[in-house]
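Data block for my_file-v6.cif (mmCIF, C-alpha atoms):
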data_my_file
#
loop_
_atom_site.label_atom_id
_atom_site.label_comp_id
_atom_site.auth_asym_id
_atom_site.auth_seq_id
_atom_site.Cartn_x
_atom_site.Cartn_y
_atom_site.Cartn_z
CA MET A 1 -29.09 -8.47 -14.91
CA SER A 2 -31.39 -7.05 -12.26
CA PRO A 3 -29.58 -5.10 -9.51
CA THR A 4 -31.41 -7.19 -6.92
CA SER A 5 -30.86 -10.59 -8.57
CA PRO A 6 -29.21 -13.29 -6.46
CA LYS A 7 -26.44 -13.71 -9.06
CA ALA A 8 -25.57 -10.01 -8.90
CA TRP A 9 -25.27 -10.14 -5.12
CA GLY A 10 -23.42 -13.45 -5.40
CA ASP A 11 -20.78 -11.93 -7.68
CA ALA A 12 -20.25 -9.07 -5.23
CA LEU A 13 -20.10 -11.44 -2.27
CA VAL A 14 -17.46 -13.60 -3.95
CA ALA A 15 -15.28 -10.55 -4.65
CA VAL A 16 -15.55 -9.22 -1.09
CA VAL A 17 -15.15 -12.53 0.74
CA ALA A 18 -12.20 -13.56 -1.43
CA GLY A 19 -10.52 -10.21 -0.77
CA PHE A 20 -10.87 -10.52 3.00
CA ALA A 21 -9.85 -14.19 2.87
CA VAL A 22 -6.58 -13.48 1.10
CA MET A 23 -5.84 -10.52 3.38
CA THR A 24 -6.45 -12.73 6.41
CA ALA A 25 -4.18 -15.46 5.04
CA VAL A 26 -1.33 -13.06 4.22
CA ALA A 27 -1.65 -11.26 7.56
CA ALA A 28 -1.71 -14.55 9.50
CA ALA A 29 1.36 -15.87 7.69
CA GLY A 30 3.29 -12.63 8.21
CA LEU A 31 2.41 -12.43 11.90
CA ALA A 32 3.30 -16.09 12.39
CA PHE A 33 6.77 -15.47 10.95
CA ALA A 34 7.03 -12.39 13.18
CA GLY A 35 6.43 -14.55 16.26
CA ALA A 36 2.86 -13.50 17.04
CA GLY A 37 1.89 -17.15 17.34
CA GLU A 38 3.44 -17.07 20.84
CA LEU A 39 0.88 -14.56 22.10
CA PRO A 40 -1.50 -15.70 24.87
CA ALA A 41 -4.31 -18.04 23.90
CA GLY A 42 -6.98 -16.42 21.80
CA ALA A 43 -4.93 -13.32 21.00
CA PHE A 44 -3.52 -14.33 17.62
CA PRO A 45 -6.82 -14.23 15.66
CA ARG A 46 -7.58 -10.81 17.12
CA VAL A 47 -4.17 -9.48 16.11
CA VAL A 48 -4.75 -10.86 12.62
CA ALA A 49 -8.12 -9.09 12.53
CA ALA A 50 -6.44 -5.84 13.57
CA VAL A 51 -3.87 -6.10 10.78
CA VAL A 52 -6.63 -6.79 8.24
CA VAL A 53 -8.58 -3.77 9.49
CA MET A 54 -5.49 -1.58 9.13
CA ALA A 55 -4.81 -2.99 5.66
CA ALA A 56 -8.37 -2.16 4.59
CA GLY A 57 -8.02 1.46 5.63
CA GLY A 58 -9.34 1.08 9.18
CA ALA A 59 -8.21 2.86 12.33
CA ILE A 60 -6.60 0.95 15.22
CA LYS A 61 -6.07 2.64 18.57
CA VAL A 62 -3.18 1.39 20.69
CA THR A 63 -3.64 1.89 24.42
CA GLY A 64 -1.21 1.69 27.31
CA ASP A 65 -1.62 1.73 31.09
CA ALA A 66 1.00 1.40 33.79
CA GLY A 67 -1.08 1.61 36.94
CA PRO A 68 -1.83 4.47 39.39
CA LEU A 69 1.78 5.67 39.75
CA ALA A 70 2.80 5.51 36.13
CA GLY A 71 1.55 6.39 32.69
CA ALA A 72 2.08 5.05 29.22
CA ASP A 73 1.73 6.77 25.87
CA VAL A 74 1.40 4.48 22.86
CA SER A 75 0.55 5.35 19.27
CA LEU A 76 0.91 3.51 15.97
CA SER A 77 0.19 4.58 12.41
CA VAL A 78 1.45 2.20 9.75
CA LEU A 79 -0.26 0.46 6.86
CA PRO A 80 0.70 -3.19 6.13
CA LEU A 81 0.73 -2.71 2.38
CA SER A 82 1.51 -6.35 1.51
CA VAL A 83 -1.84 -7.29 3.03
CA SER A 84 -3.56 -4.33 1.37
CA LEU A 85 -2.11 -5.16 -2.04
CA ALA A 86 -3.13 -8.82 -1.86
CA GLY A 87 -6.72 -7.92 -1.02
CA ALA A 88 -6.84 -5.19 -3.66
CA LEU A 89 -5.65 -7.45 -6.47
CA VAL A 90 -8.12 -10.22 -5.66
CA THR A 91 -11.11 -7.96 -5.03
CA GLY A 92 -10.43 -5.78 -8.07
CA CYS A 93 -10.07 -8.71 -10.46
CA LEU A 94 -13.22 -10.44 -9.20
CA PHE A 95 -15.18 -7.17 -9.33
CA LEU A 96 -14.31 -6.74 -13.02
CA ARG A 97 -14.73 -10.40 -14.03
CA PRO A 98 -18.54 -10.45 -14.50
CA MET A 99 -18.28 -7.47 -16.89
CA ARG A 100 -15.49 -8.83 -19.10
CA HIS A 101 -17.77 -9.66 -22.06
CA HIS A 102 -19.49 -6.26 -22.21
CA ALA A 103 -18.39 -3.46 -24.56
CA VAL A 104 -20.16 -0.75 -22.59
CA VAL A 105 -22.17 -0.61 -19.40
CA ARG A 106 -25.09 1.56 -18.41
CA PRO A 107 -24.28 4.06 -15.64
CA GLY A 108 -27.05 2.69 -13.43
CA GLU A 109 -25.78 -0.87 -13.76
CA LEU A 110 -22.19 0.15 -12.97
CA LEU A 111 -23.29 2.13 -9.92
CA ALA A 112 -25.37 -0.84 -8.75
CA ARG A 113 -22.34 -3.14 -9.01
CA VAL A 114 -20.23 -0.68 -7.06
CA ALA A 115 -22.94 -0.21 -4.40
CA ARG A 116 -23.34 -3.95 -3.81
CA THR A 117 -19.60 -4.40 -3.40
CA VAL A 118 -19.27 -1.41 -1.08
CA VAL A 119 -22.18 -2.51 1.15
CA LEU A 120 -20.82 -6.04 1.57
CA TRP A 121 -17.31 -4.70 2.12
CA ALA A 122 -18.58 -2.42 4.89
CA VAL A 123 -20.38 -5.30 6.61
CA LEU A 124 -17.30 -7.54 6.67
CA LEU A 125 -15.06 -4.66 7.71
CA VAL A 126 -17.27 -3.96 10.73
CA VAL A 127 -17.17 -7.66 11.67
CA PHE A 128 -13.36 -7.64 11.59
CA ALA A 129 -13.30 -4.34 13.50
CA LEU A 130 -15.38 -5.84 16.31
CA LEU A 131 -12.93 -8.75 16.55
CA ALA A 132 -9.87 -6.47 16.56
CA ARG A 133 -9.52 -5.72 20.27
CA ARG A 134 -7.28 -7.14 22.98
CA THR A 135 -5.32 -6.07 26.07
CA PHE A 136 -2.04 -7.67 27.17
CA GLY A 137 -0.24 -7.57 30.50
CA LEU A 138 3.52 -6.88 30.34
CA THR A 139 5.62 -9.35 32.33
CA GLY A 140 9.31 -9.80 33.05
CA GLY A 141 11.74 -11.16 30.50
CA ASP A 142 14.87 -10.48 28.50
CA SER A 143 13.44 -7.72 26.29
CA PRO A 144 12.55 -4.06 26.72
CA ILE A 145 8.96 -5.16 27.20
CA GLY A 146 10.14 -7.43 29.98
CA GLU A 147 11.99 -4.55 31.62
CA ILE A 148 8.77 -2.54 31.64
CA GLY A 149 7.05 -5.43 33.37
CA GLU A 150 9.79 -5.60 36.02
CA ILE A 151 9.51 -1.87 36.70
CA GLY A 152 5.78 -2.36 37.10
CA GLU A 153 6.39 -5.00 39.76
CA ILE A 154 8.75 -2.69 41.67
CA ILE A 155 6.29 0.22 41.78
CA ASP A 156 3.30 -2.07 42.31
CA ALA A 157 1.83 -1.07 38.94
CA ALA A 158 0.29 -3.36 36.36
CA PRO A 159 1.57 -2.27 32.94
CA THR A 160 -0.68 -3.23 30.04
CA VAL A 161 -0.82 -2.51 26.36
CA GLY A 162 -3.75 -3.17 24.08
CA PHE A 163 -5.46 -2.27 20.86
CA ARG A 164 -8.95 -1.86 19.52
CA ALA A 165 -10.50 -0.82 16.25
CA ASP A 166 -12.22 2.55 16.26
CA VAL A 167 -15.36 1.56 14.35
CA PRO A 168 -16.68 4.91 13.00
CA PRO A 169 -13.34 6.05 11.46
CA THR A 170 -12.71 2.48 10.32
CA LEU A 171 -15.98 2.46 8.44
CA GLY A 172 -15.38 5.89 6.93
CA PHE A 173 -11.81 5.27 5.79
CA GLY A 174 -12.68 1.72 4.76
CA LEU A 175 -15.39 2.99 2.42
CA LEU A 176 -12.93 5.44 0.87
CA TRP A 177 -10.47 2.54 0.48
CA ILE A 178 -12.89 0.28 -1.39
CA LEU A 179 -14.24 3.11 -3.55
CA GLY A 180 -10.69 4.09 -4.48
CA LEU A 181 -9.86 0.48 -5.28
CA LEU A 182 -12.87 0.04 -7.58
CA LEU A 183 -12.08 3.31 -9.36
CA ILE A 184 -8.46 2.25 -9.92
CA ALA A 185 -9.62 -1.16 -11.18
CA LEU A 186 -11.84 0.50 -13.78
CA LEU A 187 -9.06 2.90 -14.80
CA VAL A 188 -6.39 0.23 -15.13
CA SER A 189 -8.37 -2.48 -16.90
CA ARG A 190 -8.13 -2.38 -20.67
CA ARG A 191 -11.29 -4.39 -21.27
CA ALA A 192 -13.59 -3.36 -18.44
CA PRO A 193 -16.65 -1.61 -19.92
CA LEU A 194 -17.34 2.06 -19.30
CA PRO A 195 -20.52 4.10 -19.70
CA ALA A 196 -20.81 5.49 -23.24
CA GLY A 197 -20.27 9.04 -21.99
CA LEU A 198 -16.84 8.15 -20.56
CA LEU A 199 -15.42 6.33 -23.59
CA ARG A 200 -13.56 9.45 -24.72
CA PHE A 201 -11.31 9.12 -21.65
CA HIS A 202 -10.26 5.57 -22.56
CA THR A 203 -7.23 6.59 -24.63
CA ALA A 204 -6.08 9.37 -22.31
CA VAL A 205 -6.30 7.51 -19.00
CA ARG A 206 -6.10 3.75 -19.29
CA PRO A 207 -2.71 3.13 -20.97
CA ALA A 208 -0.84 5.41 -18.55
CA ALA A 209 -2.78 4.08 -15.54
CA PHE A 210 -2.05 0.49 -16.54
CA ALA A 211 1.66 1.17 -17.12
CA THR A 212 1.99 2.91 -13.75
CA THR A 213 0.29 0.00 -11.99
CA VAL A 214 2.63 -2.47 -13.71
CA LEU A 215 5.57 -0.31 -12.59
CA LEU A 216 4.46 -0.48 -8.95
CA LEU A 217 3.90 -4.24 -9.16
CA ALA A 218 7.29 -4.70 -10.82
CA TYR A 219 8.95 -3.01 -7.86
CA VAL A 220 7.09 -5.33 -5.50
CA ALA A 221 8.20 -8.35 -7.55
CA VAL A 222 11.84 -7.21 -7.49
CA GLY A 223 11.57 -6.64 -3.75
CA ALA A 224 10.06 -10.10 -3.23
CA VAL A 225 12.94 -11.73 -5.09
CA ALA A 226 15.47 -9.72 -3.09
CA GLY A 227 13.70 -10.63 0.15
CA LEU A 228 13.73 -14.33 -0.64
CA VAL A 229 17.44 -14.18 -1.52
CA VAL A 230 18.18 -12.44 1.79
CA ALA A 231 16.08 -14.99 3.69
CA LEU A 232 17.94 -17.90 2.10
CA THR A 233 21.48 -16.52 2.30
CA GLN A 234 21.83 -14.14 5.25
CA GLY A 235 19.89 -15.73 8.10
CA HIS A 236 16.95 -14.30 10.03
CA ALA A 237 14.66 -15.97 7.51
CA ALA A 238 11.53 -15.69 9.66
CA ARG A 239 11.99 -11.97 10.22
CA THR A 240 12.66 -11.34 6.53
CA LEU A 241 9.59 -13.30 5.46
CA ALA A 242 7.51 -11.38 8.00
CA VAL A 243 8.60 -8.12 6.35
CA VAL A 244 7.82 -9.51 2.88
CA LEU A 245 4.34 -10.64 3.92
CA LEU A 246 3.43 -7.52 5.87
CA GLY A 247 5.33 -4.52 4.54
CA LEU A 248 7.10 -5.29 1.26
CA PRO A 249 5.40 -2.54 -0.81
CA ASN A 250 6.20 -0.04 1.96
CA LEU A 251 9.90 -0.61 1.26
CA ALA A 252 9.68 -1.32 -2.47
CA TRP A 253 7.78 1.86 -3.28
CA LEU A 254 10.04 3.88 -1.01
CA ALA A 255 12.91 2.55 -3.15
CA LEU A 256 11.07 3.74 -6.28
CA THR A 257 10.66 7.28 -4.95
CA VAL A 258 14.24 7.45 -3.70
CA GLY A 259 15.47 6.07 -7.03
CA PHE A 260 14.05 8.94 -9.07
CA GLY A 261 15.33 11.55 -6.61
CA GLY A 262 12.57 11.79 -4.02
CA ALA A 263 13.30 12.04 -0.31
CA TRP A 264 11.84 11.07 3.05
CA GLN A 265 12.58 12.11 6.60
CA GLY A 266 13.06 9.43 9.22
CA ARG A 267 13.99 8.82 12.82
CA VAL A 268 14.30 5.69 14.95
CA GLU A 269 14.98 6.31 18.63
CA GLY A 270 15.06 3.95 21.57
CA PRO A 271 15.10 0.15 21.77
CA PHE A 272 12.01 -0.21 19.60
CA GLY A 273 11.85 -0.09 15.84
CA LEU A 274 10.13 -1.48 12.81
CA PRO A 275 11.63 -4.24 10.67
CA MET A 276 13.61 -2.56 7.92
CA PRO A 277 16.84 -3.15 5.99
CA GLN A 278 19.97 -2.47 8.00
CA LEU A 279 21.04 0.22 5.55
CA LEU A 280 17.85 2.21 6.14
CA ASP A 281 18.06 1.68 9.89
CA ARG A 282 21.61 3.08 9.98
CA VAL A 283 20.52 6.22 8.15
CA VAL A 284 17.52 7.03 10.35
CA ARG A 285 18.78 5.74 13.73
CA GLY A 286 19.15 8.70 16.09
CA PRO A 287 17.21 11.37 18.00
CA GLU A 288 17.12 13.86 15.09
CA LEU A 289 15.27 13.61 11.80
CA SER A 290 17.50 12.33 8.98
CA THR A 291 16.92 12.75 5.27
CA VAL A 292 16.46 9.48 3.41
CA ASP A 293 17.52 9.94 -0.20
CA VAL A 294 19.83 8.10 -2.55
CA ALA A 295 22.83 10.24 -1.60
CA GLY A 296 22.30 9.59 2.12
CA LEU A 297 21.91 5.86 1.54
CA ALA A 298 24.99 5.80 -0.70
CA ARG A 299 27.11 7.33 2.07
CA GLN A 300 26.41 4.15 4.03
CA ASP A 301 26.58 1.77 1.06
CA ALA A 302 27.59 2.80 -2.48
CA ARG A 303 25.37 0.10 -3.95
CA ALA A 304 22.41 2.38 -3.24
CA TRP A 305 23.17 4.17 -6.54
CA TRP A 306 21.75 1.11 -8.30
CA LEU A 307 18.33 2.37 -7.18
CA VAL A 308 18.70 5.17 -9.74
CA VAL A 309 19.53 2.68 -12.50
CA LEU A 310 16.59 0.48 -11.55
CA ALA A 311 14.22 3.46 -11.54
CA ALA A 312 15.44 4.66 -14.94
CA VAL A 313 15.05 1.23 -16.56
CA LEU A 314 11.64 0.43 -15.13
CA LEU A 315 10.25 3.92 -15.74
CA LEU A 316 11.38 3.76 -19.37
CA GLY A 317 9.72 0.36 -19.62
CA ALA A 318 6.52 1.89 -18.25
CA GLY A 319 6.73 4.59 -20.92
CA VAL A 320 7.06 2.01 -23.68
CA LEU A 321 4.22 -0.06 -22.27
CA ALA A 322 1.89 2.94 -22.12
CA ALA A 323 2.74 3.84 -25.71
CA VAL A 324 2.17 0.39 -27.21
CA ARG A 325 -1.24 0.21 -25.54
CA SER A 326 -2.29 3.54 -27.07
CA PRO A 327 -3.52 4.38 -30.58
CA ALA A 328 -0.78 5.27 -33.07
CA ARG A 329 -2.25 8.73 -33.58
CA VAL A 330 -1.34 9.88 -30.05
CA PRO A 331 1.73 12.20 -30.26
CA ALA A 332 4.78 11.73 -28.06
CA TRP A 333 4.18 14.91 -26.07
CA ARG A 334 0.74 13.65 -25.07
CA HIS A 335 2.21 10.34 -23.92
CA ALA A 336 4.60 12.38 -21.79
CA LEU A 337 1.74 14.35 -20.26
CA HIS A 338 -0.38 11.27 -19.54
CA LEU A 339 2.43 9.31 -17.88
CA ALA A 340 3.63 12.35 -15.92
CA VAL A 341 0.20 12.87 -14.39
CA ALA A 342 -0.28 9.15 -13.71
CA LEU A 343 3.11 8.76 -12.01
CA ALA A 344 2.66 11.93 -9.96
CA LEU A 345 -0.74 10.77 -8.68
CA ALA A 346 0.63 7.30 -7.93
CA THR A 347 3.58 8.81 -6.07
CA LEU A 348 1.31 11.07 -4.05
CA THR A 349 -0.78 8.02 -3.08
CA VAL A 350 2.33 6.00 -2.16
CA CYS A 351 3.66 8.85 -0.02
CA LEU A 352 0.39 9.07 1.90
CA LEU A 353 0.07 5.30 2.37
CA ALA A 354 3.67 4.33 3.19
CA ARG A 355 4.36 6.89 5.93
CA VAL A 356 5.07 5.47 9.39
CA GLN A 357 4.64 6.98 12.84
CA ALA A 358 4.94 4.98 16.08
CA GLN A 359 5.69 5.99 19.65
CA PHE A 360 5.94 4.31 23.03
CA GLY A 361 6.64 6.16 26.25
CA LEU A 362 6.59 5.16 29.94
CA SER A 363 6.65 7.66 32.81
CA VAL A 364 6.68 7.11 36.57
CA LEU A 365 5.52 9.92 38.88
CA GLY A 366 5.64 12.29 35.92
CA ILE A 367 9.23 11.42 34.96
CA GLY A 368 9.29 10.47 31.29
CA ASP A 369 11.36 7.89 29.41
CA VAL A 370 12.03 5.55 32.33
CA GLY A 371 15.24 3.65 31.84
CA GLY A 372 15.46 4.73 28.22
CA LEU A 373 12.48 2.53 27.41
CA GLY A 374 10.63 5.17 25.42
CA GLY A 375 10.97 4.95 21.69
CA SER A 376 9.71 6.42 18.45
CA VAL A 377 9.76 5.51 14.78
CA GLU A 378 8.97 8.07 12.11
CA LEU A 379 9.20 7.96 8.33
CA THR A 380 7.44 10.68 6.35
CA PRO A 381 7.88 11.90 2.75
CA LEU A 382 9.10 15.26 1.54
CA LEU A 383 5.89 15.46 -0.43
CA TRP A 384 6.45 18.35 -2.82
CA ARG A 385 9.96 17.34 -3.83
CA THR A 386 9.03 13.71 -4.40
CA THR A 387 5.81 14.42 -6.31
CA ALA A 388 7.43 17.11 -8.48
CA LEU A 389 10.26 14.76 -9.46
CA ALA A 390 7.72 12.04 -10.25
CA LEU A 391 6.01 14.48 -12.62
CA LEU A 392 9.34 15.23 -14.33
CA TRP A 393 10.47 11.61 -14.62
CA GLY A 394 7.04 10.56 -15.85
CA ALA A 395 7.17 13.16 -18.61
CA VAL A 396 10.65 12.10 -19.74
CA ALA A 397 9.81 8.39 -19.58
CA GLY A 398 6.54 8.94 -21.45
CA PHE A 399 8.22 10.91 -24.25
CA LEU A 400 11.18 8.54 -24.69
CA GLY A 401 8.90 5.52 -24.37
CA ALA A 402 6.70 6.83 -27.18
CA LEU A 403 9.76 7.17 -29.45
CA LEU A 404 11.08 3.69 -28.59
CA ALA A 405 7.64 2.13 -29.05
CA ARG A 406 7.24 3.18 -32.69
CA PRO A 407 8.66 -0.09 -34.09
CA LEU A 408 6.29 -2.01 -31.79
CA ARG A 409 3.21 0.08 -32.50
CA HIS A 410 1.50 -2.51 -34.67
CA ARG A 411 1.60 -4.95 -31.75
CA GLY A 412 0.04 -2.59 -29.25
CA ARG A 413 -2.46 -0.51 -31.15
CA VAL A 414 -5.53 0.05 -29.01
CA ALA A 415 -8.77 1.39 -30.35
CA PRO A 416 -11.25 2.81 -27.88
CA PRO A 417 -14.43 0.78 -27.46
CA SER A 418 -17.21 2.03 -29.70
CA ALA A 419 -20.56 3.09 -28.36
CA PRO A 420 -23.43 0.65 -28.93
CA ASP A 421 -25.53 1.05 -32.04
CA ARG A 422 -28.70 2.84 -31.02
CA THR A 423 -30.53 2.34 -34.31
#

Let's see the structure in the file written out as structure tokens.
Amino acid sequence: MSPTSPKAWGDALVAVVAGFAVMTAVAAAGLAFAGAGELPAGAFPRVVAAVVVMAAGGAIKVTGDAGPLAGADVSLSVLPLSVSLAGALVTGCLFLRPMRHHAVVRPGELLARVARTVVLWAVLLVVFALLARRTFGLTGGDSPIGEIGEIGEIIDAAPTVGFRADVPPTLGFGLLWILGLLLIALLVSRRAPLPAGLLRFHTAVRPAAFATTVLLLAYVAVGAVAGLVVALTQGHAARTLAVVLLGLPNLAWLALTVGFGGAWQGRVEGPFGLPMPQLLDRVVRGPELSTVDVAGLARQDARAWWLVVLAAVLLLGAGVLAAVRSPARVPAWRHALHLAVALALATLTVCLLARVQAQFGLSVLGIGDVGGLGGSVELTPLLWRTTALALLWGAVAGFLGALLARPLRHRGRVAPPSAPDRT
């Protein structure tokens, strides 16, 4: 197929448009459950666009202004990973679909497919970034936001808060996002063709990459089931569904890292916060940084120890899955090495994507934190500890999985694709 053929561009366009469409739908549903539908006329689509931009790796600046006598400091750094994951799954699958019947692919053809997808992705991302801007006035009411509005009336200020996409960083990070997604799609897929020169990496990379991806998706599935049960049985259904549709992987993958011994540091101070389970909120609520690990969670609720059991079972399952998708000649120690590296890289990525930092502060005449209305939310990983433990657990799970998979080997034997006959 010619790189400039209409069908080639059509395939790329379908993948990109479908990815943005599903991200928009998930973001809109999550924001609707969160109550964003009550925003002033015309604001809801722009908030949806902002969430999609953030989910696609873009940069959103939050601005605040409280008039000539007051100042406001607002910042937000959080990735809505439910939206990101939905777009990644759809775009990745549709990117690979046109190549499913090929054994190998020429490097030039593969690069052309990637380039078309990246160019179209960048165009749509810029369109969404231009839509993602809005400023709101803060008025009186029965919430902390309302109190800010009332203070503004007293001091004759006009408090506002707004957001806008920063287009250059959005484009830069967005391109890294889509390139990373396409690379992961090629690594994970068992049948996607590779250039002949890369076929030797098929056995070493793809089974472990696929098993690690299934592990992450399994945690999201378990979290979705738990979220639906909570929504149906414990009230606050709209808020729970908003968390599921906007930030489920943020919590599910945090549970994975905590389950195998990793740790995060968190703090929630002031009247503001992010939707999170009550158990996590109790651990991190306070002015000082608190360590979020399984022991700290268990001090609040002993059922947190089940996170260790869940991690052990699902990691062992990932080890078995990686082994049955590999050739029988691969020794157990090599399975251990492959899964250890894959899990460590996945954990490093999760730690970088799931971190949260948000701050709101209001000062009048230079006096900060008026009426206790300032607030901050912070959740960051202890990177070295968490990644090192992922490496260790991946090695153990890979080795034990290889031993347990021996009776199943005939069902999962995978031979690397052969290079095309050049005679």

Skip segment 110-127 of chain A itself and residues of its chain fewer than 2 positions away, then list as an NGL selection string all residues within 10 Å of it, counting only C-alpha atoms.
:A and (2-4 or 8-17 or 19-20 or 49 or 52-53 or 56-58 or 91 or 95-96 or 98-99 or 104-108 or 129-132 or 165-168 or 170-172 or 174-179 or 182-183 or 193-195)

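Nearest residue to Val377 of chain A, choosing from A:Leu348, A:Ala336, A:Val313, A:Leu76 and counting only C-alpha atoms: A:Leu76.
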
Since I can't run it myself right now, could you work out what the PyMOL selection byres ((chain A and resi 228) around 12) selects here and report it as a PDB file with C-alpha atoms, in the coordinates of the input?
ATOM      1  CA  ALA A 221       8.200  -8.350  -7.550  1.00  0.00           C
ATOM      2  CA  VAL A 222      11.840  -7.210  -7.490  1.00  0.00           C
ATOM      3  CA  GLY A 223      11.570  -6.640  -3.750  1.00  0.00           C
ATOM      4  CA  ALA A 224      10.060 -10.100  -3.230  1.00  0.00           C
ATOM      5  CA  VAL A 225      12.940 -11.730  -5.090  1.00  0.00           C
ATOM      6  CA  ALA A 226      15.470  -9.720  -3.090  1.00  0.00           C
ATOM      7  CA  GLY A 227      13.700 -10.630   0.150  1.00  0.00           C
ATOM      8  CA  VAL A 229      17.440 -14.180  -1.520  1.00  0.00           C
ATOM      9  CA  VAL A 230      18.180 -12.440   1.790  1.00  0.00           C
ATOM     10  CA  ALA A 231      16.080 -14.990   3.690  1.00  0.00           C
ATOM     11  CA  LEU A 232      17.940 -17.900   2.100  1.00  0.00           C
ATOM     12  CA  THR A 233      21.480 -16.520   2.300  1.00  0.00           C
ATOM     13  CA  GLN A 234      21.830 -14.140   5.250  1.00  0.00           C
ATOM     14  CA  GLY A 235      19.890 -15.730   8.100  1.00  0.00           C
ATOM     15  CA  HIS A 236      16.950 -14.300  10.030  1.00  0.00           C
ATOM     16  CA  ALA A 237      14.660 -15.970   7.510  1.00  0.00           C
ATOM     17  CA  ALA A 238      11.530 -15.690   9.660  1.00  0.00           C
ATOM     18  CA  ARG A 239      11.990 -11.970  10.220  1.00  0.00           C
ATOM     19  CA  THR A 240      12.660 -11.340   6.530  1.00  0.00           C
ATOM     20  CA  LEU A 241       9.590 -13.300   5.460  1.00  0.00           C
ATOM     21  CA  ALA A 242       7.510 -11.380   8.000  1.00  0.00           C
ATOM     22  CA  VAL A 243       8.600  -8.120   6.350  1.00  0.00           C
ATOM     23  CA  VAL A 244       7.820  -9.510   2.880  1.00  0.00           C
ATOM     24  CA  LEU A 245       4.340 -10.640   3.920  1.00  0.00           C
ATOM     25  CA  LEU A 248       7.100  -5.290   1.260  1.00  0.00           C
TER      26      LEU A 248
END

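Proximity of A:Thr203, A:Ala312, A:Thr213, A:Pro249 to Arg329 of chain A, computed with only C-alpha atoms, is greatest for A:Thr203.
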
Using the chain letters and numbers from this file, what does the PyMOL selection byres ((chain A and resi 85) around 10) select? Give the answer as a ChimeraX atom specification.
/A:19,22-23,55-56,80-84,86-91,217,220,246-249

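Reported to one decimal place, the separation of atom CA of Leu321 of chain A from atom CA of Gly401 of chain A is 7.6 Å.
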
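Counting from atom CA of Gly398 of chain A, the distance to atom CA of Val324 of chain A is 11.2 Å.
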
As lines of an AutoDock Vina configuration file, please report the centre and edge lengths, rounded to one decimal in Å, of the axis-aligned box that holds all listed atoms of segment 345-350 of chain A with 3 Å of padding on each of the six sides.
center_x = 1.4
center_y = 8.5
center_z = -5.4
size_x = 10.4
size_y = 11.1
size_z = 12.5

Please evaluate the PyMOL selection byres ((chain A and resi 337) around 12) against the displayed coordinates and give the resulting residues as a VMD selection string.
chain A and resid 204 to 205 208 319 322 to 323 330 to 336 338 to 344 390 to 400 402

Non-local contacts of Leu310 of chain A (10 Å; all atoms listed in the file; under 3 positions in same chain excluded) as a ChimeraX atom specification:
/A:219,222,255-256,259-260,305-307,313-316
